[in-house]
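Chemist: Please read through the structure below; I'll follow up with questions.
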Amino acid sequence: MMTEARTVLLVCTRCNRSGTDEERSGTRSGALLLDAVRAKPPDAAVQVQPIACMSGCKRACTIGLMAPGKVGYVFGDLPPNAAAAAAIAELAAGHAASADGFLPRATRPKLLQAGVLARLPPLAWARGDEIVWPS
């Protein structure tokens with residue numbers, strides 16, 4: 001169950017980065033990424049939440065960030081290793097510390113300056129007019 005005041009870091013556990021049958025029937029890259037994230041957990045303001053599939057299969061490994069009233073993100077193309085886990089922890093801490101969740105490209109860890117699959121506005125921004133991102 002999610003704690004409302006925290007940033008939730010979703011980690012897809014079903015990602016099959018190699019695309020092989022061996023990985024499909026064994027330990028998935030997504031599960032390895034989750035293990036790496038848990039080995040270097042983000043700060044207390046971030047809740048790590050495994051999720052069985054994020055439908056980013058062609059861009060594995062996939063993670064997401066969300067929190068009430070904040071911009072949400074989905075990232076892909078992440079390797080299941082300690083360096084990625086450290087970058088993810090830094091990104092998640094930045095999201096938690098941000099008032100609106102907006103993470104400009106230049107402020108994100110280098111590994112996460114690319115690979116954005118989606119940036120989603122908070123529901124409160126949906127008012128009928130075109131949503132324009134902050135600069």
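Within each chain, counting starts at residue 1; across the structure tokens, chains are named A, B, ... in the order shown, with ligands numbered 1 upward in that order.
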Contacts of A:Ser98 at 12 Å or less, counting only C-alpha atoms, minus same-chain residues fewer than 4 places along, as a list in words?

Modeler: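 Listing them by chain and then by number gives Arg6, Thr7, Ala45, Met66, Ala67, Gly69, Lys70, Val71, Gly72, Leu91, Ala92, Ala93, Gly94, Phe102, Leu103, Pro104 and Thr107 of chain A.
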
Chemist: Using DSSP assignments from the backbone, pull out every residue in stretch 23-115 of chain A that falls under strand (DSSP E or B) and give it to me as a short mmCIF file (atom, residue, chain, number, x, y, z; two decimals) with C-alpha atoms, in the first residue's frame.

Modeler:
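Result file follows (result02.cif):
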```cif
data_model
loop_
_atom_site.label_atom_id
_atom_site.label_comp_id
_atom_site.auth_asym_id
_atom_site.auth_seq_id
_atom_site.Cartn_x
_atom_site.Cartn_y
_atom_site.Cartn_z
CA VAL A 46 10.96 7.23 -1.43
CA GLN A 47 8.96 4.00 -1.35
CA VAL A 48 10.30 1.25 -3.63
CA GLN A 49 7.41 -0.64 -5.22
CA PRO A 50 7.95 -3.71 -7.43
CA ILE A 51 5.43 -4.03 -10.26
CA ILE A 63 11.06 2.30 -13.81
CA GLY A 64 8.50 4.94 -12.89
CA LEU A 65 8.17 7.78 -10.39
CA MET A 66 4.90 9.10 -9.02
CA GLY A 72 5.22 11.46 -12.94
CA TYR A 73 7.87 9.81 -15.11
CA VAL A 74 8.53 6.50 -16.84
CA PHE A 75 12.11 5.69 -17.85
#
```

Chemist: For A:Arg17, find every residue with an atom within 7 Å (counting only C-alpha atoms), except residues of its own chain fewer than 3 positions away, and show them as a ChimeraX atom specification.

Modeler: /A:29,60-61

Chemist: So that I can see what lies close to stretch 127-135 of chain A, please list as a PDB file with N, CA and C atoms, in the first residue's frame the residues with an atom at most 12 Å from it, counting only C-alpha atoms and leaving out residues fewer than 3 positions away in the same chain.

Modeler:
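Okay, this is what ended up in result29.pdb:
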```pdb
ATOM      1  N   VAL A  71       4.480  15.743 -11.002  1.00  0.00           N
ATOM      2  CA  VAL A  71       4.730  15.188 -12.323  1.00  0.00           C
ATOM      3  C   VAL A  71       5.253  13.766 -12.146  1.00  0.00           C
ATOM      4  N   ASP A 100       7.020  20.106  -7.147  1.00  0.00           N
ATOM      5  CA  ASP A 100       6.076  19.710  -8.194  1.00  0.00           C
ATOM      6  C   ASP A 100       6.479  18.441  -8.934  1.00  0.00           C
ATOM      7  N   GLY A 101       7.648  17.870  -8.598  1.00  0.00           N
ATOM      8  CA  GLY A 101       8.105  16.647  -9.245  1.00  0.00           C
ATOM      9  C   GLY A 101       8.767  16.853 -10.590  1.00  0.00           C
ATOM     10  N   PHE A 102       8.776  18.085 -11.092  1.00  0.00           N
ATOM     11  CA  PHE A 102       9.377  18.355 -12.403  1.00  0.00           C
ATOM     12  C   PHE A 102      10.893  18.214 -12.301  1.00  0.00           C
ATOM     13  N   LEU A 103      11.465  17.386 -13.155  1.00  0.00           N
ATOM     14  CA  LEU A 103      12.900  17.094 -13.131  1.00  0.00           C
ATOM     15  C   LEU A 103      13.518  17.487 -14.471  1.00  0.00           C
ATOM     16  N   PRO A 104      13.993  18.732 -14.599  1.00  0.00           N
ATOM     17  CA  PRO A 104      14.605  19.150 -15.869  1.00  0.00           C
ATOM     18  C   PRO A 104      15.757  18.216 -16.245  1.00  0.00           C
ATOM     19  N   ARG A 105      15.904  18.002 -17.535  1.00  0.00           N
ATOM     20  CA  ARG A 105      16.917  17.066 -18.051  1.00  0.00           C
ATOM     21  C   ARG A 105      18.288  17.326 -17.455  1.00  0.00           C
ATOM     22  N   ALA A 106      18.721  18.567 -17.412  1.00  0.00           N
ATOM     23  CA  ALA A 106      20.075  18.908 -16.957  1.00  0.00           C
ATOM     24  C   ALA A 106      20.303  18.590 -15.481  1.00  0.00           C
ATOM     25  N   ARG A 119       6.358  11.469 -19.548  1.00  0.00           N
ATOM     26  CA  ARG A 119       6.302  12.456 -18.472  1.00  0.00           C
ATOM     27  C   ARG A 119       4.814  12.794 -18.335  1.00  0.00           C
ATOM     28  N   LEU A 120       4.265  12.532 -17.166  1.00  0.00           N
ATOM     29  CA  LEU A 120       2.824  12.656 -16.970  1.00  0.00           C
ATOM     30  C   LEU A 120       2.498  13.768 -15.983  1.00  0.00           C
ATOM     31  N   PRO A 121       1.602  14.663 -16.352  1.00  0.00           N
ATOM     32  CA  PRO A 121       1.243  15.746 -15.431  1.00  0.00           C
ATOM     33  C   PRO A 121       0.386  15.221 -14.286  1.00  0.00           C
ATOM     34  N   PRO A 122       0.423  15.918 -13.159  1.00  0.00           N
ATOM     35  CA  PRO A 122      -0.497  15.541 -12.080  1.00  0.00           C
ATOM     36  C   PRO A 122      -1.932  15.773 -12.532  1.00  0.00           C
ATOM     37  N   LEU A 123      -2.859  15.017 -11.992  1.00  0.00           N
ATOM     38  CA  LEU A 123      -4.263  15.147 -12.385  1.00  0.00           C
ATOM     39  C   LEU A 123      -4.795  16.559 -12.194  1.00  0.00           C
ATOM     40  N   ALA A 124      -4.297  17.267 -11.215  1.00  0.00           N
ATOM     41  CA  ALA A 124      -4.777  18.625 -10.935  1.00  0.00           C
ATOM     42  C   ALA A 124      -4.527  19.576 -12.107  1.00  0.00           C
TER      43      ALA A 124
END
```

Chemist: May I have the residues within 10 Å of A:Pro109 as an NGL selection string, using only C-alpha atoms and disregarding those fewer than 6 positions away in the same chain?

Modeler: :A and (84 or 86-91 or 94)
